[in-house]
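Here's target-v5.cif, which has mmCIF, C-alpha atoms:
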data_data
#
loop_
_atom_site.label_atom_id
_atom_site.label_comp_id
_atom_site.auth_asym_id
_atom_site.auth_seq_id
_atom_site.Cartn_x
_atom_site.Cartn_y
_atom_site.Cartn_z
CA MET W 8 88.11 71.91 139.21
CA THR W 9 88.26 72.80 139.26
CA ARG W 10 89.73 72.89 140.48
CA MET W 11 91.82 74.66 140.86
CA THR W 12 91.03 75.14 140.52
CA ARG W 13 90.29 73.85 140.15
CA SER W 14 89.59 74.78 140.74
CA ALA W 15 87.47 77.08 140.91
CA THR W 16 89.64 75.81 140.26
CA ALA W 17 92.12 75.09 140.22
CA VAL W 18 93.45 78.21 141.26
CA ALA W 19 91.69 81.18 139.81
CA ILE W 20 93.50 83.51 137.45
CA GLY W 21 93.17 85.74 134.35
CA LEU W 22 94.12 87.86 131.37
CA CYS W 23 91.78 88.86 128.56
CA LEU W 24 90.70 88.00 125.11
CA ALA W 25 87.36 88.95 123.68
CA LEU W 26 87.06 85.72 121.77
CA ALA W 27 83.64 85.68 120.22
CA THR W 28 84.12 82.30 118.55
CA ALA W 29 84.64 80.67 121.96
CA GLY W 30 81.45 82.17 123.33
CA CYS W 31 83.06 83.57 126.51
CA ALA W 32 81.48 86.19 128.67
CA GLY W 33 83.03 89.62 128.37
CA GLY W 34 86.07 90.05 130.59
CA GLU W 35 87.72 93.10 132.07
CA ASP W 36 90.76 94.51 130.47
CA ASP W 37 93.58 96.52 131.90
CA GLY W 38 92.42 99.79 130.42
CA ALA W 39 95.14 100.01 127.81
CA SER W 40 94.43 100.19 124.13
CA GLY W 41 95.03 96.85 122.44
CA GLY W 42 95.63 95.40 119.03
CA GLY W 43 98.60 94.35 116.94
CA LYS W 44 101.64 92.29 117.72
CA GLY W 45 102.01 93.88 121.14
CA THR W 46 98.79 92.33 122.48
CA VAL W 47 98.95 89.25 124.71
CA THR W 48 95.68 87.53 125.64
CA LEU W 49 95.12 85.34 128.68
CA TRP W 50 92.23 83.24 129.98
CA THR W 51 91.70 82.59 133.68
CA ASN W 52 89.00 81.19 135.96
CA ALA W 53 89.27 84.13 138.39
CA MET W 54 85.84 85.65 138.02
CA GLU W 55 85.85 88.37 140.68
CA GLY W 56 87.41 89.58 143.89
CA ARG W 57 91.06 89.76 144.85
CA GLY W 58 92.17 87.06 142.39
CA LEU W 59 90.97 88.97 139.36
CA VAL W 60 92.40 92.19 140.78
CA PHE W 61 95.79 90.52 141.05
CA TRP W 62 95.84 89.73 137.36
CA GLN W 63 94.62 93.17 136.41
CA ASN W 64 97.36 94.74 138.54
CA ALA W 65 100.00 92.39 137.13
CA ALA W 66 98.95 93.39 133.62
CA LYS W 67 99.24 97.09 134.48
CA GLU W 68 102.61 96.68 136.18
CA TYR W 69 103.97 94.68 133.27
CA LYS W 70 102.78 97.32 130.81
CA ALA W 71 104.46 100.03 132.86
CA GLN W 72 107.74 98.19 132.24
CA HIS W 73 106.88 97.27 128.64
CA PRO W 74 104.80 100.14 127.16
CA ASP W 75 104.49 98.46 123.76
CA VAL W 76 102.84 95.34 125.18
CA THR W 77 99.16 95.21 126.14
CA ILE W 78 97.91 92.39 128.35
CA LYS W 79 94.21 91.59 128.09
CA ILE W 80 92.35 89.54 130.68
CA GLN W 81 89.42 87.20 130.01
CA SER W 82 87.59 85.58 132.91
CA VAL W 83 85.90 82.27 132.13
CA GLN W 84 83.71 80.43 134.63
CA ASN W 85 85.72 77.50 136.00
CA GLU W 86 83.22 74.83 135.02
CA ASP W 87 83.06 76.24 131.46
CA LEU W 88 86.78 76.73 130.97
CA ASP W 89 87.86 73.29 129.73
CA GLY W 90 85.18 73.00 127.06
CA LYS W 91 85.57 76.53 125.73
CA LEU W 92 89.34 76.27 125.75
CA GLN W 93 89.27 73.00 123.83
CA ASN W 94 87.00 74.53 121.21
CA ALA W 95 89.34 77.52 120.89
CA LEU W 96 92.41 75.29 120.58
CA ASN W 97 90.74 73.11 117.98
CA SER W 98 89.63 76.12 115.93
CA GLY W 99 93.02 77.83 116.04
CA SER W 100 91.62 80.81 117.98
CA ALA W 101 93.12 80.05 121.39
CA PRO W 102 94.33 82.76 123.78
CA ASP W 103 98.09 83.24 124.03
CA ILE W 104 98.16 82.23 127.71
CA PHE W 105 95.63 80.05 129.50
CA LEU W 106 95.09 78.15 132.74
CA GLN W 107 96.49 74.65 132.36
CA ARG W 108 95.09 71.70 134.35
CA GLY W 109 98.04 69.43 133.56
CA GLY W 110 97.99 65.63 133.46
CA GLY W 111 96.21 63.87 130.63
CA LYS W 112 94.64 67.09 129.43
CA MET W 113 98.03 68.70 128.94
CA GLN W 114 99.38 65.52 127.34
CA ALA W 115 96.60 65.64 124.74
CA MET W 116 97.42 69.28 123.92
CA VAL W 117 101.09 68.41 123.47
CA GLU W 118 100.28 65.46 121.21
CA ALA W 119 98.00 67.70 119.12
CA GLY W 120 100.73 70.34 118.76
CA GLN W 121 98.52 72.97 120.38
CA ILE W 122 100.92 74.34 123.02
CA GLN W 123 104.55 75.42 123.24
CA ALA W 124 107.38 74.03 125.32
CA LEU W 125 108.64 76.83 127.57
CA GLU W 126 112.26 77.88 127.17
CA LEU W 127 113.17 78.67 130.77
CA SER W 128 116.32 80.30 132.05
CA GLY W 129 118.22 79.28 135.15
CA ALA W 130 116.60 82.20 136.98
CA ASP W 131 113.14 81.01 135.92
CA ARG W 132 113.85 77.52 137.25
CA GLU W 133 115.15 78.96 140.50
CA ASN W 134 111.98 81.03 140.90
CA VAL W 135 109.69 78.05 140.32
CA GLY W 136 111.67 75.09 141.66
CA GLU W 137 112.38 71.79 139.95
CA ALA W 138 109.73 69.86 141.88
CA ALA W 139 106.95 72.09 140.60
CA LEU W 140 108.34 72.03 137.05
CA GLU W 141 108.43 68.23 137.09
CA GLY W 142 104.65 68.18 137.48
CA VAL W 143 104.17 70.14 134.24
CA SER W 144 106.87 68.45 132.16
CA ILE W 145 106.60 65.79 129.47
CA ASP W 146 109.69 64.03 128.15
CA GLY W 147 111.90 66.60 129.83
CA LYS W 148 110.14 69.63 128.34
CA VAL W 149 108.16 72.14 130.43
CA TYR W 150 104.68 73.00 129.11
CA ALA W 151 103.26 75.26 131.82
CA MET W 152 104.44 77.84 134.35
CA PRO W 153 103.31 76.80 137.86
CA MET W 154 102.04 79.57 140.13
CA ASP W 155 101.55 77.86 143.48
CA THR W 156 101.69 74.59 145.36
CA GLN W 157 98.27 72.99 145.45
CA PRO W 158 97.77 70.49 148.30
CA GLU W 159 94.16 69.47 148.76
CA GLY W 160 92.66 68.86 152.16
CA ILE W 161 89.71 69.52 154.43
CA TYR W 162 89.01 73.11 155.44
CA TYR W 163 87.07 73.47 158.67
CA SER W 164 85.68 75.93 161.20
CA LYS W 165 87.67 75.79 164.44
CA ASP W 166 84.81 77.52 166.27
CA LEU W 167 82.25 74.95 165.15
CA PHE W 168 84.61 72.09 166.00
CA LYS W 169 85.06 73.51 169.50
CA LYS W 170 81.31 74.00 169.93
CA ALA W 171 80.73 70.39 168.86
CA GLY W 172 83.34 69.07 171.28
CA ILE W 173 85.80 67.98 168.56
CA THR W 174 89.16 68.44 170.27
CA ALA W 175 91.45 67.73 167.28
CA PRO W 176 91.12 67.38 163.50
CA PRO W 177 90.29 63.81 162.41
CA THR W 178 93.26 61.67 161.40
CA THR W 179 91.33 58.50 160.45
CA THR W 180 88.02 57.85 158.72
CA ASP W 181 86.56 56.61 162.02
CA GLU W 182 87.45 59.93 163.62
CA LEU W 183 85.95 61.74 160.63
CA GLU W 184 82.63 59.94 161.08
CA ASP W 185 82.74 60.75 164.81
CA ALA W 186 83.20 64.43 163.92
CA VAL W 187 80.23 64.19 161.54
CA ALA W 188 78.04 62.88 164.36
CA LYS W 189 79.15 65.62 166.76
CA LEU W 190 78.49 68.40 164.24
CA LYS W 191 75.03 67.00 163.51
CA ALA W 192 74.33 67.06 167.24
CA ILE W 193 74.70 70.87 167.24
CA ASN W 194 72.53 71.19 164.12
CA VAL W 195 75.38 72.10 161.76
CA ALA W 196 75.85 70.49 158.36
CA PRO W 197 79.00 68.42 158.95
CA ILE W 198 80.40 68.55 155.41
CA ALA W 199 79.56 70.94 152.60
CA VAL W 200 79.89 69.78 149.00
CA GLY W 201 78.84 71.37 145.70
CA ALA W 202 77.76 68.22 143.88
CA LYS W 203 76.01 70.16 141.11
CA ASP W 204 79.48 70.91 139.74
CA ALA W 205 80.32 67.16 139.91
CA TRP W 206 84.07 67.45 140.47
CA PRO W 207 83.85 68.64 144.12
CA ALA W 208 81.89 65.51 145.00
CA ALA W 209 84.22 63.34 142.94
CA HIS W 210 87.19 64.61 144.94
CA TRP W 211 85.94 62.52 147.86
CA TYR W 212 86.33 59.44 145.68
CA TYR W 213 89.75 60.63 144.45
CA ASN W 214 91.03 60.89 148.00
CA PHE W 215 89.64 57.54 149.06
CA ALA W 216 91.36 56.07 145.99
CA LEU W 217 94.59 57.83 147.04
CA ARG W 218 94.39 55.98 150.35
CA GLU W 219 93.19 52.61 149.01
CA CYS W 220 95.39 52.32 145.88
CA SER W 221 99.17 52.16 145.82
CA GLN W 222 101.11 54.85 144.01
CA GLU W 223 102.17 52.26 141.43
CA THR W 224 98.56 51.27 140.76
CA MET W 225 97.48 54.86 140.21
CA GLN W 226 100.46 55.64 137.99
CA GLU W 227 99.90 52.53 135.90
CA ALA W 228 96.25 53.46 135.43
CA ALA W 229 97.37 56.81 134.03
CA LYS W 230 99.34 55.01 131.34
CA SER W 231 97.06 52.10 130.54
CA LEU W 232 93.65 53.49 131.56
CA THR W 233 92.84 50.11 133.08
CA PHE W 234 91.17 49.95 136.46
CA GLU W 235 91.31 46.27 137.38
CA ASP W 236 92.73 46.57 140.89
CA PRO W 237 90.02 46.04 143.53
CA CYS W 238 91.18 49.22 145.28
CA TRP W 239 89.13 51.28 142.81
CA THR W 240 85.93 49.59 143.93
CA LYS W 241 87.00 49.71 147.58
CA ALA W 242 87.38 53.51 147.29
CA GLY W 243 83.77 53.76 146.14
CA GLU W 244 82.67 51.53 149.01
CA ASP W 245 84.48 53.83 151.46
CA LEU W 246 82.55 56.78 150.04
CA ALA W 247 79.29 54.84 150.28
CA ASP W 248 80.06 54.08 153.93
CA LEU W 249 80.64 57.78 154.61
CA LEU W 250 77.42 58.65 152.78
CA ALA W 251 75.52 56.32 155.12
CA SER W 252 76.34 58.69 157.98
CA ASP W 253 74.41 61.48 156.17
CA PRO W 254 77.40 63.85 156.31
CA PHE W 255 76.50 66.39 153.61
CA GLN W 256 74.27 69.45 153.76
CA LYS W 257 70.63 69.28 152.76
CA GLY W 258 70.32 69.76 148.99
CA PHE W 259 74.00 69.06 148.31
CA LEU W 260 73.20 67.44 144.94
CA THR W 261 71.95 70.77 143.55
CA ALA W 262 74.46 73.02 145.34
CA THR W 263 77.35 74.70 143.53
CA SER W 264 80.83 74.87 144.98
CA GLN W 265 81.73 78.55 144.73
CA GLN W 266 78.80 80.71 143.71
CA GLY W 267 77.00 82.58 146.47
CA ALA W 268 76.14 82.01 150.11
CA GLY W 269 74.34 78.75 149.32
CA SER W 270 77.40 77.19 147.71
CA SER W 271 79.59 74.79 149.64
CA ALA W 272 82.25 77.48 150.13
CA GLY W 273 79.50 79.92 151.13
CA LEU W 274 78.27 77.55 153.84
CA ILE W 275 81.76 77.43 155.32
CA ALA W 276 82.10 81.22 155.00
CA ASN W 277 78.89 81.75 156.98
CA HIS W 278 79.38 79.01 159.61
CA LYS W 279 76.55 76.90 158.20
CA ALA W 280 78.81 73.87 157.68
CA GLY W 281 81.78 72.46 159.53
CA MET W 282 84.03 71.08 156.78
CA GLU W 283 84.71 71.14 153.05
CA LEU W 284 87.18 69.04 151.03
CA MET W 285 88.80 71.34 148.49
CA GLY W 286 92.01 72.51 146.85
CA ASN W 287 94.15 75.34 148.13
CA TRP W 288 92.28 78.02 146.18
CA ASN W 289 89.41 77.60 148.65
CA PRO W 290 90.43 80.21 151.27
CA GLY W 291 90.29 82.94 148.66
CA VAL W 292 86.84 81.79 147.55
CA ILE W 293 85.63 81.57 151.16
CA ALA W 294 86.92 85.07 151.97
CA ASP W 295 84.98 86.57 149.07
CA LEU W 296 81.78 84.94 150.42
CA THR W 297 81.98 86.07 154.05
CA PRO W 298 79.72 89.00 155.04
CA ASP W 299 82.67 91.39 155.40
CA LYS W 300 84.62 89.95 152.44
CA LYS W 301 87.46 89.06 154.80
CA GLN W 302 88.96 85.70 155.61
CA LEU W 303 87.16 83.49 158.11
CA PRO W 304 89.12 84.09 161.36
CA ASP W 305 88.74 80.49 162.56
CA LEU W 306 89.51 78.69 159.28
CA GLY W 307 91.66 75.59 159.69
CA TRP W 308 92.98 72.80 157.47
CA PHE W 309 93.87 69.14 157.87
CA PRO W 310 94.93 66.43 155.40
CA PHE W 311 92.54 63.75 154.21
CA PRO W 312 92.30 61.10 156.93
CA ALA W 313 94.02 57.73 156.81
CA VAL W 314 92.01 54.68 155.70
CA PRO W 315 92.73 51.46 157.64
CA GLY W 316 94.23 48.77 155.44
CA GLY W 317 94.71 51.01 152.42
CA LYS W 318 97.66 50.39 150.11
CA GLY W 319 98.31 54.09 149.54
CA GLU W 320 100.64 56.02 151.84
CA PRO W 321 98.63 57.76 154.58
CA THR W 322 100.72 60.93 154.10
CA ALA W 323 100.17 61.11 150.32
CA ILE W 324 98.57 64.33 149.12
CA MET W 325 96.08 64.91 146.33
CA GLY W 326 96.69 68.16 144.52
CA GLY W 327 97.01 70.07 141.31
CA ALA W 328 100.15 70.47 139.25
CA GLY W 329 99.01 72.87 136.58
CA GLY W 330 99.91 76.45 135.80
CA TYR W 331 99.71 78.60 132.70
CA SER W 332 100.50 77.38 129.20
CA LEU W 333 101.23 79.12 125.90
CA SER W 334 99.25 78.28 122.79
CA LYS W 335 101.30 77.33 119.74
CA ASN W 336 101.22 80.81 118.15
CA ALA W 337 101.75 82.85 121.32
CA PRO W 338 104.36 85.62 120.90
CA LYS W 339 107.58 85.78 122.92
CA GLU W 340 106.04 88.53 125.05
CA ALA W 341 103.62 85.94 126.45
CA LEU W 342 106.48 83.88 127.89
CA ASP W 343 108.08 87.03 129.21
CA PHE W 344 104.89 87.89 131.08
CA LEU W 345 104.79 84.40 132.63
CA ARG W 346 108.37 84.89 133.78
CA PHE W 347 107.26 88.16 135.36
CA THR W 348 104.47 86.45 137.33
CA VAL W 349 106.85 84.08 139.14
CA THR W 350 109.24 86.76 140.40
CA LYS W 351 109.32 87.25 144.17
CA GLU W 352 107.24 90.43 144.30
CA GLN W 353 104.52 89.11 142.00
CA GLN W 354 104.44 85.77 143.82
CA GLU W 355 103.96 87.54 147.15
CA ALA W 356 101.05 89.49 145.68
CA TYR W 357 99.63 86.31 144.13
CA ALA W 358 99.80 84.44 147.44
CA GLU W 359 97.99 87.22 149.26
CA ALA W 360 95.34 87.59 146.56
CA PHE W 361 94.54 83.89 146.40
CA ASP W 362 95.30 82.97 150.03
CA THR W 363 97.62 80.32 148.69
CA ILE W 364 101.19 79.02 148.88
CA PRO W 365 103.40 80.63 146.22
CA VAL W 366 105.60 78.35 144.17
CA ASN W 367 108.55 80.73 144.53
CA LYS W 368 110.19 79.75 147.81
CA ALA W 369 111.60 83.28 148.21
CA ALA W 370 108.00 84.48 148.48
CA GLN W 371 106.81 81.87 150.99
CA GLY W 372 107.49 84.22 153.89
CA VAL W 373 104.04 85.68 153.22
CA VAL W 374 102.47 82.34 154.16
CA THR W 375 101.31 83.21 157.67
CA GLU W 376 97.73 81.96 157.82
CA PRO W 377 97.43 78.81 159.97
CA TYR W 378 95.52 76.87 157.30
CA ASN W 379 98.21 77.50 154.69
CA ILE W 380 100.99 76.68 157.14
CA SER W 381 99.26 73.38 157.93
CA ALA W 382 98.89 72.61 154.22
CA LEU W 383 102.51 73.49 153.47
CA GLN W 384 103.74 71.30 156.33
CA ALA W 385 101.64 68.35 155.16
CA PHE W 386 102.83 68.86 151.59
CA ASN W 387 106.46 68.90 152.68
CA LYS W 388 105.95 65.65 154.65
CA ALA W 389 103.95 63.86 151.96
CA ALA W 390 105.36 60.58 150.66
CA TYR W 391 104.17 61.68 147.21
CA SER W 392 101.65 63.95 145.52
CA MET W 393 99.03 62.78 143.03
CA GLN W 394 97.25 65.09 140.62
CA PHE W 395 93.46 65.29 140.55
CA LEU W 396 92.25 62.12 138.87
CA ASP W 397 90.06 63.78 136.23
CA THR W 398 93.22 65.59 135.17
CA VAL W 399 95.52 62.56 135.30
CA TYR W 400 93.20 60.28 133.35
CA GLY W 401 92.05 62.81 130.75
CA GLN W 402 88.76 64.53 130.06
CA ASN W 403 86.69 61.56 128.84
CA VAL W 404 87.64 59.18 131.64
CA GLY W 405 87.68 61.98 134.19
CA ASN W 406 84.19 63.19 133.31
CA ALA W 407 82.84 59.64 133.45
CA MET W 408 84.40 59.18 136.88
CA ASN W 409 82.95 62.44 138.17
CA ILE W 410 79.45 61.68 136.92
CA ALA W 411 79.55 58.13 138.29
CA VAL W 412 80.53 59.41 141.73
CA VAL W 413 77.60 61.84 141.75
CA ASN W 414 75.32 58.98 140.72
CA LEU W 415 76.49 57.01 143.75
CA LEU W 416 75.80 59.97 146.02
CA ALA W 417 72.36 60.37 144.45
CA GLY W 418 71.50 56.71 145.05
CA LYS W 419 71.57 55.96 141.31
CA GLY W 420 74.77 53.92 141.21
CA SER W 421 77.19 51.83 143.20
CA ALA W 422 80.92 51.58 143.82
CA ALA W 423 81.10 48.89 141.14
CA ASP W 424 79.28 51.19 138.71
CA ILE W 425 82.01 53.83 139.11
CA VAL W 426 84.62 51.35 137.89
CA LYS W 427 82.32 50.04 135.15
CA ASP W 428 81.58 53.52 133.80
CA VAL W 429 85.24 54.55 133.93
CA LYS W 430 86.30 51.41 132.05
CA ALA W 431 83.65 52.04 129.40
CA ALA W 432 84.88 55.60 128.90
CA ALA W 433 88.48 54.38 128.63
CA GLU W 434 87.54 51.83 125.97
CA LYS W 435 85.80 54.49 123.91
CA GLY W 436 88.95 56.62 124.00
#
Take the structure in the file and give it back as structure tokens.
Amino acid sequence: MTRMTRSATAVAIGLCLALATAGCAGGEDDGASGGGKGTVTLWTNAMEGRGLVFWQNAAKEYKAQHPDVTIKIQSVQNEDLDGKLQNALNSGSAPDIFLQRGGGKMQAMVEAGQIQALELSGADRENVGEAALEGVSIDGKVYAMPMDTQPEGIYYSKDLFKKAGITAPPTTTDELEDAVAKLKAINVAPIAVGAKDAWPAAHWYYNFALRECSQETMQEAAKSLTFEDPCWTKAGEDLADLLASDPFQKGFLTATSQQGAGSSAGLIANHKAGMELMGNWNPGVIADLTPDKKQLPDLGWFPFPAVPGGKGEPTAIMGGAGGYSLSKNAPKEALDFLRFTVTKEQQEAYAEAFDTIPVNKAAQGVVTEPYNISALQAFNKAAYSMQFLDTVYGQNVGNAMNIAVVNLLAGKGSAADIVKDVKAAAEKG
């Protein structure tokens, strides 16, 4: 996102800061008067709907318990968030709390001294869980508060699958291509993708790389930013093979991922497409785009299919490991608010607002939707989880990878060009 986003990302969330220097659109605030040391500002990518309402309600509930503290919410479009946040961090005008992607992006913020390590109590760690904290830790220090588990997979319409004669979700790439053919036969776009936003299309490459490359290869690339293993090219070739089956909707190169009925999520919401590869924020986005603003009754989920001969574990999951970070000058009240958001009651509300899996295990009883149960089961069985590659490898390399993938899908590049462009970006630093 993006992700959660991404997106979308990656995981949508918010609190406000009218930060003119960052050029953000005006956000909604909690109605309380602000100003002074008691004001905490937060940026999120939750633009509308139940996600934004969650944060507004959390701000109000926190203020009811802490009358001297005002929480302000600023919504920033997901695709704009990283750039505007970096500008704010660099200029010393960052919000107190902000959505953190993790990975190389978080590493760069730590190295630049732009964010705080979080001093967590035993109760905080119990609420979040050590596995989630590990994903947002560097050298034993925690730099973000996770809000949910974020397994990525393929969301699909059970009704359209049944109509097309697809009796079970695909478990291999051959079965995926068979499903594509069957959906085309009933005049439904098999797979929706918002390639205009770049990262949703690139996630297809990420997942093919997850299957083709070993965990050791992907981890080493995160450290060295070298991409010599042939698995990186093979992943692009897998995507090119899928592209040859014409799986995506008409006009996918100019489609967005989350904005309106014509977006990839909108096509799923209105039964115009059968499948979409996306992170676990997607059900909330889809629900906001259905005609009645309610969740799609037949929404299902399955993990990315296995790739024959790949060196990656077939059960491995791609996902986010971000959360919310504190900028270097954030007051202690900002950390206290983050602690508040991972308590059982708030996590239950968060899960329902975002149709997601809360990080607090005590709140996971609210996970009742079949798609989230499927995702949670796959996550619990996964051999390992890998963060989104544009997060792991940092903004420069990640952006180059995303753009190169879109070029391949547009017929302007090859699998080898993806690796070439990524290497060039890594060398530039």
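The space separating atom CA of W:Asn409 from atom CA of W:Leu232 comes to 15.4 Å.
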Q.
Applying 10 Å and all atoms listed in the file, which residues near stretch 122-129 of chain W remain after dropping the ones on its own chain fewer than 3 positions away? List them as a PyMOL selection string.
A. chain W and resi 96+101+103-104+113-119+132-134+144-145+147-152+332-337+342-343+345-346
Q: Run the PyMOL selection byres ((chain W and resi 272-277) around 7) on the file and write out the hits as a list in words.
A: Ala199, Ser264, Gln265, Gly267, Ala268, Gly269, Ser270, Ser271, His278, Lys279, Ala280, Gly281, Met282, Val292, Ile293, Ala294, Leu296, Thr297 and Leu303 of chain W
I need the residues from that last selection saved to file as an mmCIF file, in the coordinates of the input (with C-alpha atoms), if you can.
data_model
loop_
_atom_site.group_PDB
_atom_site.id
_atom_site.type_symbol
_atom_site.label_atom_id
_atom_site.label_comp_id
_atom_site.auth_asym_id
_atom_site.auth_seq_id
_atom_site.Cartn_x
_atom_site.Cartn_y
_atom_site.Cartn_z
ATOM 1 C CA ALA W 199 79.560 70.940 152.600
ATOM 2 C CA SER W 264 80.830 74.870 144.980
ATOM 3 C CA GLN W 265 81.730 78.550 144.730
ATOM 4 C CA GLY W 267 77.000 82.580 146.470
ATOM 5 C CA ALA W 268 76.140 82.010 150.110
ATOM 6 C CA GLY W 269 74.340 78.750 149.320
ATOM 7 C CA SER W 270 77.400 77.190 147.710
ATOM 8 C CA SER W 271 79.590 74.790 149.640
ATOM 9 C CA HIS W 278 79.380 79.010 159.610
ATOM 10 C CA LYS W 279 76.550 76.900 158.200
ATOM 11 C CA ALA W 280 78.810 73.870 157.680
ATOM 12 C CA GLY W 281 81.780 72.460 159.530
ATOM 13 C CA MET W 282 84.030 71.080 156.780
ATOM 14 C CA VAL W 292 86.840 81.790 147.550
ATOM 15 C CA ILE W 293 85.630 81.570 151.160
ATOM 16 C CA ALA W 294 86.920 85.070 151.970
ATOM 17 C CA LEU W 296 81.780 84.940 150.420
ATOM 18 C CA THR W 297 81.980 86.070 154.050
ATOM 19 C CA LEU W 303 87.160 83.490 158.110
#
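Put simply, the PyMOL selection byres ((chain W and resi 248) around 12) in this file takes in Thr180, Asp181, Leu183, Glu184, Trp211, Tyr212, Phe215, Lys241, Ala242, Gly243, Glu244, Asp245, Leu246, Ala247, Leu249, Leu250, Ala251, Ser252, Asp253, Pro254, Leu415, Leu416, Ser421 and Ala422 of chain W.
Of the residues listed (W:Thr348, W:Thr233, W:Gln63, W:Thr322), W:Thr322 shows the shortest atom-to-atom separation from W:Thr178; distances use all atoms listed in the file.
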Contact table stretch 288-358 of chain W vs stretch 383-389 of chain W, cut-off 9 Å, shortest pair per residue, only C-alpha atoms, as a tab-separated table:
residue	atom	partner	partner_atom	distance
W:Phe309	CA	W:Ala385	CA	8.3
W:Pro310	CA	W:Ala385	CA	7.0
W:Glu320	CA	W:Ala389	CA	8.5
W:Pro321	CA	W:Ala389	CA	8.5
W:Thr322	CA	W:Ala389	CA	4.9
W:Ala323	CA	W:Ala389	CA	5.0
W:Ile324	CA	W:Ala389	CA	6.1
Q: Identify which of the residues W:Tyr163, W:Gly319, W:Phe105, W:Pro153 lies closest to W:Thr224, counting all atoms listed in the file when measuring atom-to-atom distances.
A: W:Gly319
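Once all atoms listed in the file are considered, the residues situated within 6 Å of the file point (106.7, 77.7, 141.2) turn out to be Val135, Gly136, Ala139, Pro153, Met154, Asp155, Val366 and Asn367 of chain W.
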Q: Name all residues at most 9 Å from W:Arg57 (count only C-alpha atoms; drop same-chain ones fewer than 6 positions away) and give them as a PyMOL selection string.
A: chain W and resi 291+295+359-361
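In this model, the gap between atom CA of W:Lys165 and atom CA of W:Ser381 comes to 13.5 Å.
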